[in-house]
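The file coords08.csv contains CSV, N, CA and C atoms:
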chain,number,residue,atom,x,y,z
C,1,MET,N,-7.3,-12.5,12.0
C,1,MET,CA,-6.0,-12.3,11.4
C,1,MET,C,-5.5,-13.7,11.0
C,2,ALA,N,-4.9,-13.7,9.8
C,2,ALA,CA,-4.4,-15.0,9.2
C,2,ALA,C,-2.9,-15.1,9.5
C,3,ASP,N,-2.5,-15.7,10.6
C,3,ASP,CA,-1.1,-15.9,11.0
C,3,ASP,C,-0.5,-17.0,10.1
C,4,LEU,N,0.8,-16.9,9.9
C,4,LEU,CA,1.5,-17.9,9.2
C,4,LEU,C,1.5,-19.2,10.1
C,5,VAL,N,1.4,-20.3,9.5
C,5,VAL,CA,1.5,-21.6,10.2
C,5,VAL,C,2.9,-22.1,10.1
C,6,LEU,N,3.7,-21.9,11.1
C,6,LEU,CA,5.1,-22.4,11.0
C,6,LEU,C,5.2,-23.8,11.6
C,7,THR,N,6.0,-24.6,11.1
C,7,THR,CA,6.3,-26.0,11.6
C,7,THR,C,7.4,-25.9,12.6
C,8,ALA,N,7.1,-26.1,13.9
C,8,ALA,CA,8.1,-26.0,14.9
C,8,ALA,C,9.3,-26.8,14.7
C,9,SER,N,9.1,-28.1,14.2
C,9,SER,CA,10.2,-29.0,13.9
C,9,SER,C,11.1,-28.5,12.8
C,10,ALA,N,10.6,-27.6,11.9
C,10,ALA,CA,11.4,-27.1,10.8
C,10,ALA,C,12.2,-25.8,11.1
C,11,ILE,N,12.0,-25.2,12.3
C,11,ILE,CA,12.7,-24.0,12.6
C,11,ILE,C,14.2,-24.2,12.8
C,12,LEU,N,15.0,-23.7,11.8
C,12,LEU,CA,16.4,-23.9,11.9
C,12,LEU,C,17.1,-22.5,11.5
C,13,ALA,N,18.1,-22.2,12.3
C,13,ALA,CA,18.9,-21.0,12.1
C,13,ALA,C,19.9,-21.2,10.9
C,14,GLY,N,20.1,-20.2,10.1
C,14,GLY,CA,21.0,-20.3,9.0
C,14,GLY,C,22.4,-20.0,9.4
C,15,SER,N,23.4,-20.2,8.5
C,15,SER,CA,24.8,-20.0,8.9
C,15,SER,C,25.1,-18.6,9.2
C,16,ASN,N,24.3,-17.6,8.8
C,16,ASN,CA,24.5,-16.2,9.1
C,16,ASN,C,23.7,-15.7,10.3
C,17,SER,N,23.2,-16.7,11.1
C,17,SER,CA,22.3,-16.4,12.2
C,17,SER,C,23.0,-15.7,13.4
C,18,ALA,N,22.4,-14.7,14.0
C,18,ALA,CA,22.8,-14.2,15.3
C,18,ALA,C,21.8,-14.6,16.3
C,19,SER,N,22.2,-15.2,17.4
C,19,SER,CA,21.2,-15.6,18.4
C,19,SER,C,21.6,-15.4,19.8
C,20,LEU,N,20.7,-15.4,20.7
C,20,LEU,CA,20.9,-15.3,22.1
C,20,LEU,C,20.4,-16.5,22.9
C,21,HIS,N,20.8,-16.7,24.1
C,21,HIS,CA,20.3,-17.7,24.9
C,21,HIS,C,19.8,-17.1,26.2
C,22,GLY,N,18.7,-17.6,26.7
C,22,GLY,CA,18.1,-17.1,28.0
C,22,GLY,C,17.1,-18.1,28.6
C,23,THR,N,16.2,-17.5,29.3
C,23,THR,CA,15.2,-18.3,30.0
C,23,THR,C,13.8,-17.9,29.6
C,24,ALA,N,13.0,-18.9,29.3
C,24,ALA,CA,11.6,-18.6,29.0
C,24,ALA,C,10.8,-18.1,30.2
C,25,GLY,N,9.9,-17.2,30.0
C,25,GLY,CA,9.0,-16.7,31.1
C,25,GLY,C,7.6,-17.3,31.0
C,26,GLU,N,7.3,-18.1,30.0
C,26,GLU,CA,6.0,-18.7,29.8
C,26,GLU,C,6.2,-19.8,28.7
C,27,THR,N,5.2,-20.5,28.4
C,27,THR,CA,5.3,-21.6,27.4
C,27,THR,C,5.5,-21.0,26.1
C,28,ILE,N,6.5,-21.3,25.4
C,28,ILE,CA,6.9,-20.8,24.0
C,28,ILE,C,7.1,-21.9,23.1
C,29,THR,N,6.6,-21.8,21.9
C,29,THR,CA,6.8,-22.8,20.8
C,29,THR,C,7.9,-22.3,19.9
C,30,ALA,N,8.7,-23.2,19.3
C,30,ALA,CA,9.7,-22.8,18.3
C,30,ALA,C,8.9,-22.1,17.1
C,31,GLY,N,9.5,-21.0,16.7
C,31,GLY,CA,8.9,-20.2,15.6
C,31,GLY,C,8.1,-19.1,16.0
C,32,LYS,N,7.9,-18.9,17.3
C,32,LYS,CA,7.1,-17.8,17.9
C,32,LYS,C,8.0,-16.5,18.1
C,33,ALA,N,7.4,-15.4,17.8
C,33,ALA,CA,8.1,-14.1,18.1
C,33,ALA,C,8.1,-13.8,19.6
C,34,VAL,N,9.3,-13.4,20.1
C,34,VAL,CA,9.4,-13.2,21.5
C,34,VAL,C,10.1,-11.8,21.8
C,35,TYR,N,10.0,-11.4,23.0
C,35,TYR,CA,10.7,-10.2,23.5
C,35,TYR,C,11.2,-10.5,24.9
C,36,GLN,N,12.2,-9.7,25.3
C,36,GLN,CA,12.7,-10.0,26.7
C,36,GLN,C,12.1,-9.0,27.7
C,37,ASN,N,11.5,-9.5,28.7
C,37,ASN,CA,10.9,-8.7,29.8
C,37,ASN,C,12.1,-8.0,30.5
C,38,THR,N,12.0,-6.7,30.6
C,38,THR,CA,13.2,-6.0,31.2
C,38,THR,C,13.3,-6.2,32.7
C,39,SER,N,12.3,-6.5,33.4
C,39,SER,CA,12.4,-6.7,34.8
C,39,SER,C,12.8,-8.1,35.2
C,40,THR,N,12.3,-9.1,34.5
C,40,THR,CA,12.6,-10.5,34.9
C,40,THR,C,13.7,-11.1,34.0
C,41,LYS,N,14.0,-10.4,32.9
C,41,LYS,CA,15.0,-10.9,31.9
C,41,LYS,C,14.6,-12.2,31.2
C,42,LYS,N,13.4,-12.6,31.4
C,42,LYS,CA,12.9,-13.8,30.7
C,42,LYS,C,12.2,-13.4,29.4
C,43,TRP,N,12.3,-14.4,28.5
C,43,TRP,CA,11.7,-14.2,27.2
C,43,TRP,C,10.2,-14.6,27.2
C,44,MET,N,9.4,-13.7,26.6
C,44,MET,CA,7.9,-13.8,26.6
C,44,MET,C,7.4,-13.7,25.1
C,45,LEU,N,6.2,-14.1,24.9
C,45,LEU,CA,5.6,-13.9,23.5
C,45,LEU,C,5.3,-12.5,23.2
C,46,ALA,N,5.8,-12.0,22.1
C,46,ALA,CA,5.5,-10.7,21.6
C,46,ALA,C,4.1,-10.6,21.0
C,47,ASP,N,3.6,-9.4,21.0
C,47,ASP,CA,2.2,-9.2,20.6
C,47,ASP,C,2.0,-7.7,20.1
C,48,SER,N,1.6,-7.5,18.8
C,48,SER,CA,1.6,-6.2,18.2
C,48,SER,C,0.5,-5.2,18.8
C,49,ASN,N,-0.4,-5.7,19.6
C,49,ASN,CA,-1.4,-4.8,20.2
C,49,ASN,C,-1.5,-5.0,21.8
C,50,SER,N,-0.4,-5.5,22.3
C,50,SER,CA,-0.3,-5.7,23.8
C,50,SER,C,-0.5,-4.4,24.6
C,51,ALA,N,-1.0,-4.5,25.7
C,51,ALA,CA,-1.1,-3.4,26.7
C,51,ALA,C,0.3,-3.1,27.2
C,52,THR,N,1.2,-4.1,27.2
C,52,THR,CA,2.6,-3.9,27.6
C,52,THR,C,3.4,-3.4,26.4
C,53,ALA,N,3.9,-2.2,26.5
C,53,ALA,CA,4.6,-1.5,25.4
C,53,ALA,C,5.8,-2.4,25.0
C,54,ALA,N,6.6,-2.9,25.9
C,54,ALA,CA,7.7,-3.7,25.5
C,54,ALA,C,7.4,-4.9,24.6
C,55,ALA,N,6.2,-5.5,24.8
C,55,ALA,CA,5.8,-6.7,24.1
C,55,ALA,C,5.5,-6.4,22.7
C,56,ARG,N,5.3,-5.2,22.3
C,56,ARG,CA,5.0,-4.8,20.9
C,56,ARG,C,6.2,-4.9,20.0
C,57,GLN,N,7.4,-4.9,20.5
C,57,GLN,CA,8.6,-5.0,19.8
C,57,GLN,C,9.3,-6.3,19.9
C,58,ALA,N,9.1,-7.2,18.9
C,58,ALA,CA,9.8,-8.5,19.0
C,58,ALA,C,11.3,-8.3,19.1
C,59,GLY,N,11.9,-9.2,19.9
C,59,GLY,CA,13.4,-9.2,20.0
C,59,GLY,C,14.0,-10.3,19.2
C,60,GLY,N,13.1,-11.2,18.7
C,60,GLY,CA,13.6,-12.4,17.9
C,60,GLY,C,12.6,-13.5,17.8
C,61,ILE,N,13.0,-14.6,17.3
C,61,ILE,CA,12.2,-15.7,17.0
C,61,ILE,C,12.7,-16.9,17.8
C,62,ALA,N,11.9,-17.6,18.6
C,62,ALA,CA,12.3,-18.8,19.4
C,62,ALA,C,12.8,-19.9,18.4
C,63,LEU,N,13.9,-20.4,18.8
C,63,LEU,CA,14.5,-21.5,18.0
C,63,LEU,C,14.1,-22.9,18.6
C,64,ASN,N,13.6,-22.9,19.8
C,64,ASN,CA,13.2,-24.1,20.4
C,64,ASN,C,12.0,-23.9,21.3
C,65,GLY,N,11.3,-24.9,21.6
C,65,GLY,CA,10.2,-24.8,22.6
C,65,GLY,C,10.7,-24.8,24.0
C,66,ALA,N,10.0,-24.1,24.9
C,66,ALA,CA,10.4,-24.1,26.3
C,66,ALA,C,9.2,-23.7,27.1
C,67,SER,N,9.2,-24.1,28.4
C,67,SER,CA,8.2,-23.7,29.4
C,67,SER,C,8.8,-22.7,30.3
C,68,ASP,N,8.0,-22.1,31.2
C,68,ASP,CA,8.5,-21.1,32.1
C,68,ASP,C,9.7,-21.6,32.9
C,69,GLY,N,10.8,-20.9,32.9
C,69,GLY,CA,12.0,-21.3,33.6
C,69,GLY,C,13.0,-22.2,32.9
C,70,GLN,N,12.6,-22.7,31.7
C,70,GLN,CA,13.5,-23.5,30.9
C,70,GLN,C,14.3,-22.7,29.9
C,71,PRO,N,15.5,-23.2,29.5
C,71,PRO,CA,16.3,-22.5,28.6
C,71,PRO,C,15.7,-22.3,27.2
C,72,ILE,N,16.0,-21.2,26.6
C,72,ILE,CA,15.5,-20.9,25.2
C,72,ILE,C,16.6,-20.2,24.4
C,73,SER,N,16.6,-20.5,23.1
C,73,SER,CA,17.5,-19.9,22.2
C,73,SER,C,16.6,-19.0,21.3
C,74,VAL,N,17.1,-17.7,21.0
C,74,VAL,CA,16.4,-16.8,20.3
C,74,VAL,C,17.1,-16.3,19.1
C,75,HIS,N,16.6,-16.4,17.9
C,75,HIS,CA,17.2,-16.0,16.6
C,75,HIS,C,16.9,-14.5,16.5
C,76,LYS,N,18.0,-13.7,16.5
C,76,LYS,CA,17.9,-12.3,16.4
C,76,LYS,C,17.9,-11.7,15.0
C,77,SER,N,18.7,-12.3,14.2
C,77,SER,CA,18.8,-11.9,12.8
C,77,SER,C,19.5,-12.9,11.9
C,78,GLY,N,19.3,-12.7,10.6
C,78,GLY,CA,19.9,-13.7,9.6
C,78,GLY,C,18.8,-14.6,9.1
C,79,ASP,N,19.2,-15.6,8.3
C,79,ASP,CA,18.3,-16.5,7.7
C,79,ASP,C,17.7,-17.5,8.7
C,80,LEU,N,16.4,-17.8,8.5
C,80,LEU,CA,15.7,-18.7,9.4
C,80,LEU,C,14.8,-19.6,8.5
C,81,THR,N,15.1,-20.9,8.5
C,81,THR,CA,14.2,-21.8,7.8
C,81,THR,C,13.0,-22.1,8.7
C,82,VAL,N,11.8,-21.9,8.0
C,82,VAL,CA,10.5,-22.0,8.8
C,82,VAL,C,9.6,-23.0,8.2
C,83,GLY,N,10.0,-23.6,7.1
C,83,GLY,CA,9.0,-24.5,6.4
C,83,GLY,C,8.4,-23.9,5.2
C,84,ALA,N,7.7,-24.6,4.4
C,84,ALA,CA,7.1,-24.1,3.2
C,84,ALA,C,5.8,-23.3,3.4
C,85,VAL,N,5.9,-22.1,4.0
C,85,VAL,CA,4.7,-21.4,4.3
C,85,VAL,C,4.8,-19.9,3.8
C,86,LEU,N,5.9,-19.5,3.2
C,86,LEU,CA,6.1,-18.2,2.8
C,86,LEU,C,5.9,-18.0,1.3
C,87,THR,N,5.8,-16.7,1.0
C,87,THR,CA,5.8,-16.3,-0.4
C,87,THR,C,7.0,-15.5,-0.7
C,88,ALA,N,7.9,-15.9,-1.5
C,88,ALA,CA,9.2,-15.2,-1.8
C,88,ALA,C,9.0,-13.7,-2.0
C,89,GLY,N,9.7,-12.9,-1.3
C,89,GLY,CA,9.6,-11.4,-1.5
C,89,GLY,C,8.6,-10.8,-0.5
C,90,GLN,N,7.8,-11.6,0.2
C,90,GLN,CA,6.8,-11.0,1.1
C,90,GLN,C,7.4,-10.5,2.4
C,91,ALA,N,6.9,-9.4,2.9
C,91,ALA,CA,7.3,-8.9,4.2
C,91,ALA,C,6.5,-9.5,5.2
C,92,ILE,N,7.1,-9.9,6.3
C,92,ILE,CA,6.4,-10.6,7.4
C,92,ILE,C,6.5,-9.7,8.7
C,93,TYR,N,5.4,-9.6,9.4
C,93,TYR,CA,5.2,-8.7,10.5
C,93,TYR,C,4.8,-9.5,11.8
C,94,LEU,N,5.0,-8.9,12.9
C,94,LEU,CA,4.4,-9.4,14.2
C,94,LEU,C,2.9,-9.2,14.1
C,95,SER,N,2.2,-10.2,14.6
C,95,SER,CA,0.7,-10.2,14.6
C,95,SER,C,0.1,-9.8,15.9
C,96,ASP,N,-1.2,-9.7,16.0
C,96,ASP,CA,-1.8,-9.4,17.3
C,96,ASP,C,-2.2,-10.7,18.1
C,97,THR,N,-1.7,-11.8,17.6
C,97,THR,CA,-1.8,-13.1,18.3
C,97,THR,C,-0.5,-13.3,18.9
C,98,ALA,N,-0.4,-13.5,20.2
C,98,ALA,CA,0.8,-13.6,20.9
C,98,ALA,C,1.8,-14.6,20.2
C,99,GLY,N,2.9,-14.0,19.8
C,99,GLY,CA,4.0,-14.8,19.2
C,99,GLY,C,3.8,-15.0,17.7
C,100,GLY,N,2.6,-14.6,17.2
C,100,GLY,CA,2.3,-14.9,15.8
C,100,GLY,C,3.0,-14.0,14.8
C,101,LEU,N,3.1,-14.5,13.5
C,101,LEU,CA,3.7,-13.7,12.4
C,101,LEU,C,2.6,-13.7,11.3
C,102,CYS,N,2.6,-12.6,10.6
C,102,CYS,CA,1.6,-12.4,9.5
C,102,CYS,C,2.1,-11.5,8.4
C,103,PRO,N,1.4,-11.5,7.2
C,103,PRO,CA,1.8,-10.5,6.2
C,103,PRO,C,1.2,-9.1,6.6
C,104,LEU,N,1.7,-8.1,5.9
C,104,LEU,CA,1.2,-6.7,6.2
C,104,LEU,C,-0.3,-6.6,6.1
C,105,ALA,N,-0.9,-7.2,5.1
C,105,ALA,CA,-2.4,-7.1,4.9
C,105,ALA,C,-3.2,-7.5,6.2
C,106,ASP,N,-2.6,-8.3,7.0
C,106,ASP,CA,-3.3,-8.7,8.2
C,106,ASP,C,-2.9,-7.9,9.5
C,107,VAL,N,-2.1,-6.9,9.3
C,107,VAL,CA,-1.8,-6.0,10.5
C,107,VAL,C,-3.0,-5.0,10.5
C,108,GLY,N,-3.7,-4.9,11.6
C,108,GLY,CA,-5.0,-4.1,11.6
C,108,GLY,C,-4.8,-2.8,12.3
C,109,ALA,N,-5.8,-2.0,12.3
C,109,ALA,CA,-5.9,-0.7,12.9
C,109,ALA,C,-5.6,-0.9,14.4
C,110,GLY,N,-4.8,0.0,15.0
C,110,GLY,CA,-4.5,0.0,16.4
C,110,GLY,C,-3.3,-0.9,16.8
C,111,GLU,N,-2.8,-1.7,15.8
C,111,GLU,CA,-1.7,-2.5,16.1
C,111,GLU,C,-0.4,-1.8,15.8
C,112,TYR,N,0.6,-2.1,16.5
C,112,TYR,CA,2.0,-1.5,16.3
C,112,TYR,C,2.7,-2.3,15.2
C,113,VAL,N,3.3,-1.6,14.3
C,113,VAL,CA,4.0,-2.2,13.2
C,113,VAL,C,5.4,-2.7,13.7
C,114,CYS,N,5.7,-4.0,13.5
C,114,CYS,CA,7.0,-4.5,13.8
C,114,CYS,C,7.3,-5.5,12.7
C,115,LEU,N,8.2,-5.0,11.7
C,115,LEU,CA,8.6,-5.9,10.6
C,115,LEU,C,9.6,-6.9,11.2
C,116,ILE,N,9.3,-8.2,10.9
C,116,ILE,CA,10.2,-9.3,11.3
C,116,ILE,C,11.2,-9.5,10.3
C,117,GLY,N,10.9,-9.6,9.0
C,117,GLY,CA,11.8,-9.8,7.9
C,117,GLY,C,11.1,-10.0,6.6
C,118,LEU,N,12.0,-10.4,5.6
C,118,LEU,CA,11.5,-10.6,4.2
C,118,LEU,C,11.7,-12.1,3.9
C,119,ALA,N,10.8,-12.6,3.2
C,119,ALA,CA,10.9,-14.0,2.7
C,119,ALA,C,11.9,-14.1,1.6
C,120,LYS,N,12.9,-14.9,1.7
C,120,LYS,CA,13.9,-15.1,0.6
C,120,LYS,C,13.4,-16.2,-0.3
C,121,SER,N,12.6,-17.1,0.2
C,121,SER,CA,12.0,-18.2,-0.6
C,121,SER,C,10.7,-18.7,0.1
C,122,THR,N,10.2,-19.8,-0.3
C,122,THR,CA,9.0,-20.3,0.3
C,122,THR,C,9.3,-20.9,1.7
C,123,SER,N,10.5,-21.0,2.0
C,123,SER,CA,10.8,-21.7,3.3
C,123,SER,C,11.9,-20.9,4.2
C,124,VAL,N,12.5,-19.8,3.6
C,124,VAL,CA,13.5,-19.1,4.4
C,124,VAL,C,13.1,-17.7,4.6
C,125,LEU,N,13.2,-17.2,5.8
C,125,LEU,CA,12.9,-15.8,6.2
C,125,LEU,C,14.2,-15.1,6.6
C,126,ALA,N,14.5,-14.0,5.9
C,126,ALA,CA,15.6,-13.2,6.3
C,126,ALA,C,15.2,-12.3,7.4
C,127,VAL,N,15.5,-12.6,8.6
C,127,VAL,CA,15.1,-11.9,9.8
C,127,VAL,C,16.0,-10.6,10.0
C,128,ASP,N,15.3,-9.5,10.1
C,128,ASP,CA,15.9,-8.2,10.3
C,128,ASP,C,14.9,-7.3,10.9
C,129,ILE,N,14.7,-7.4,12.2
C,129,ILE,CA,13.5,-6.8,12.9
C,129,ILE,C,13.7,-5.3,12.9
C,130,GLN,N,12.6,-4.6,12.5
C,130,GLN,CA,12.5,-3.2,12.5
C,130,GLN,C,11.2,-2.8,13.3
C,131,PHE,N,11.4,-1.8,14.2
C,131,PHE,CA,10.3,-1.3,15.0
C,131,PHE,C,10.3,0.2,15.0
C,132,PRO,N,9.4,0.8,14.2
C,132,PRO,CA,9.3,2.3,14.2
C,132,PRO,C,8.6,2.9,15.3
C,133,GLY,N,7.9,2.1,16.1
C,133,GLY,CA,7.1,2.6,17.3
C,133,GLY,C,5.8,3.3,16.9
C,134,VAL,N,5.3,3.0,15.8
C,134,VAL,CA,4.0,3.6,15.4
C,134,VAL,C,2.9,2.5,15.2
C,135,SER,N,1.7,2.9,15.4
C,135,SER,CA,0.6,2.0,15.2
C,135,SER,C,-0.2,2.4,14.0
C,136,LEU,N,-1.0,1.5,13.4
C,136,LEU,CA,-1.8,1.8,12.3
C,136,LEU,C,-3.1,2.5,12.7
Just give me the structure as structure tokens.
Amino acid sequence: MADLVLTASAILAGSNSASLHGTAGETITAGKAVYQNTSTKKWMLADSNSATAAARQAGGIALNGASDGQPISVHKSGDLTVGAVLTAGQAIYLSDTAGGLCPLADVGAGEYVCLIGLAKSTSVLAVDIQFPGVSL
């Protein structure tokens, strides 16, 4: 799978951003897709083909890096600057690499579809997470 290569230092929330704050449950890098573990309430890396059903639905994108037990900010929706890695108009999905993002062409059979957002430009992703609960 060809995941997008995001520049952690370039991850910036736009003025229309909606975000949450919480605690990381594992090592997370800025720009990775995350979900909130319902039992621990900690943020973990999302994964489109995880054996854990909750992990298949991203809850947002990490705005900062954190290790287990450290504070983390999560971008839920709105514009997110990610660096010059996008193609304007392209749909971006959760990948089967923990925390990864990829174009639809790289979502494979057996993976759950989780739309992260649409590229507004080569560097800005309009995040609007959609999860229909179906696999390919």
| task | Select, from C:Gly89, C:Thr23, C:Arg56, C:Ala62, the residue with the minimum atom-to-atom distance to Lys42 in chain C, counting all atoms listed in the file. | result |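 With all atoms listed in the file as the atom set, the closest residue is C:Thr23.
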| request: Could you check which of C:Ser9, C:Ser121, C:Ser19, C:Thr27 is closest to Ala66 in chain C, using all atoms listed in the file? | output: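 Looking at the shortest contact to Ala66 in chain C, the residue is C:Thr27.
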| message | If you run DSSP on the backbone here, which positions in chain C get strand (DSSP E)? Please write them as number ranges by chain. | response | C: 12-13, 18-23, 33-36, 43-45, 60-62, 71-81, 91-94, 101-103, 115-119, 124-130
| field | Two-atom distance - CA of Lys32 in chain C, CA of Leu20 in chain C (Å) | value | 14.6 Å
Using all atoms listed in the file - which residues lie no farther than 8 Å from the point (9.2, -13.7, 2.7) in the file's frame? Write them as an mmCIF file with N, CA and C atoms, keeping the file's coordinate frame.
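Output file point.cif is given in full below:
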data_model
loop_
_atom_site.group_PDB
_atom_site.id
_atom_site.type_symbol
_atom_site.label_atom_id
_atom_site.label_comp_id
_atom_site.auth_asym_id
_atom_site.auth_seq_id
_atom_site.Cartn_x
_atom_site.Cartn_y
_atom_site.Cartn_z
ATOM 1 N N VAL C 85 5.900 -22.100 4.000
ATOM 2 C CA VAL C 85 4.700 -21.400 4.300
ATOM 3 C C VAL C 85 4.800 -19.900 3.800
ATOM 4 N N LEU C 86 5.900 -19.500 3.200
ATOM 5 C CA LEU C 86 6.100 -18.200 2.800
ATOM 6 C C LEU C 86 5.900 -18.000 1.300
ATOM 7 N N THR C 87 5.800 -16.700 1.000
ATOM 8 C CA THR C 87 5.800 -16.300 -0.400
ATOM 9 C C THR C 87 7.000 -15.500 -0.700
ATOM 10 N N ALA C 88 7.900 -15.900 -1.500
ATOM 11 C CA ALA C 88 9.200 -15.200 -1.800
ATOM 12 C C ALA C 88 9.000 -13.700 -2.000
ATOM 13 N N GLY C 89 9.700 -12.900 -1.300
ATOM 14 C CA GLY C 89 9.600 -11.400 -1.500
ATOM 15 C C GLY C 89 8.600 -10.800 -0.500
ATOM 16 N N GLN C 90 7.800 -11.600 0.200
ATOM 17 C CA GLN C 90 6.800 -11.000 1.100
ATOM 18 C C GLN C 90 7.400 -10.500 2.400
ATOM 19 N N ALA C 91 6.900 -9.400 2.900
ATOM 20 C CA ALA C 91 7.300 -8.900 4.200
ATOM 21 C C ALA C 91 6.500 -9.500 5.200
ATOM 22 N N ILE C 92 7.100 -9.900 6.300
ATOM 23 C CA ILE C 92 6.400 -10.600 7.400
ATOM 24 C C ILE C 92 6.500 -9.700 8.700
ATOM 25 N N GLY C 117 10.900 -9.600 9.000
ATOM 26 C CA GLY C 117 11.800 -9.800 7.900
ATOM 27 C C GLY C 117 11.100 -10.000 6.600
ATOM 28 N N LEU C 118 12.000 -10.400 5.600
ATOM 29 C CA LEU C 118 11.500 -10.600 4.200
ATOM 30 C C LEU C 118 11.700 -12.100 3.900
ATOM 31 N N ALA C 119 10.800 -12.600 3.200
ATOM 32 C CA ALA C 119 10.900 -14.000 2.700
ATOM 33 C C ALA C 119 11.900 -14.100 1.600
ATOM 34 N N LYS C 120 12.900 -14.900 1.700
ATOM 35 C CA LYS C 120 13.900 -15.100 0.600
ATOM 36 C C LYS C 120 13.400 -16.200 -0.300
ATOM 37 N N SER C 121 12.600 -17.100 0.200
ATOM 38 C CA SER C 121 12.000 -18.200 -0.600
ATOM 39 C C SER C 121 10.700 -18.700 0.100
ATOM 40 N N THR C 122 10.200 -19.800 -0.300
ATOM 41 C CA THR C 122 9.000 -20.300 0.300
ATOM 42 C C THR C 122 9.300 -20.900 1.700
ATOM 43 N N SER C 123 10.500 -21.000 2.000
ATOM 44 C CA SER C 123 10.800 -21.700 3.300
ATOM 45 C C SER C 123 11.900 -20.900 4.200
ATOM 46 N N VAL C 124 12.500 -19.800 3.600
ATOM 47 C CA VAL C 124 13.500 -19.100 4.400
ATOM 48 C C VAL C 124 13.100 -17.700 4.600
ATOM 49 N N LEU C 125 13.200 -17.200 5.800
ATOM 50 C CA LEU C 125 12.900 -15.800 6.200
ATOM 51 C C LEU C 125 14.200 -15.100 6.600
ATOM 52 N N ALA C 126 14.500 -14.000 5.900
ATOM 53 C CA ALA C 126 15.600 -13.200 6.300
ATOM 54 C C ALA C 126 15.200 -12.300 7.400
#
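Atom pair CA of Leu80 in chain C / CA of Leu45 in chain C: separated by 18.0 Å.
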| task | Find the residue from C:Gly69, C:Ser50, C:Ile61, C:Glu111 that sits nearest to Glu26 in chain C; use all atoms listed in the file when measuring. | result |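 Closest candidate: C:Gly69.
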| request: Have a look at C:Ala55, C:Val82, C:Ile72, C:Val34 and name the one nearest to Ala8 in chain C; count only N, CA and C atoms. | output: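 When distances to Ala8 in chain C are compared using only N, CA and C atoms, the smallest one comes from C:Val82.
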| query | Quick one: DSSP helix (DSSP H, G or I) residues in chain C, as a list in words? | reply | Ala8, Ser9, Ala10, Ala53, Ala54, Ala55, Arg56, Leu104, Ala105 and Asp106 of chain C
| request: For Gly78 in chain C, work out the shell of residues within 6 Å, counting only C-alpha atoms and skipping chain neighbours fewer than 6 positions away, then give it as JSON, numbers by chain. | output: {"C": [16, 17, 126, 127]}
| remark: The distance between atom N of Lys41 in chain C and CA of Lys76 in chain C is 17.1 Å
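Considering only N, CA and C atoms, the residue among C:His21, C:Ile28, C:Phe131, C:Ala98 positioned nearest to Ser73 in chain C is C:His21.
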| query | Which one of C:Ala13, C:Ala46, C:Ala58, C:Ala2 sits closest to Pro103 in chain C if you count all atoms listed in the file? | reply |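 The answer is C:Ala2, which sits nearest to Pro103 in chain C.
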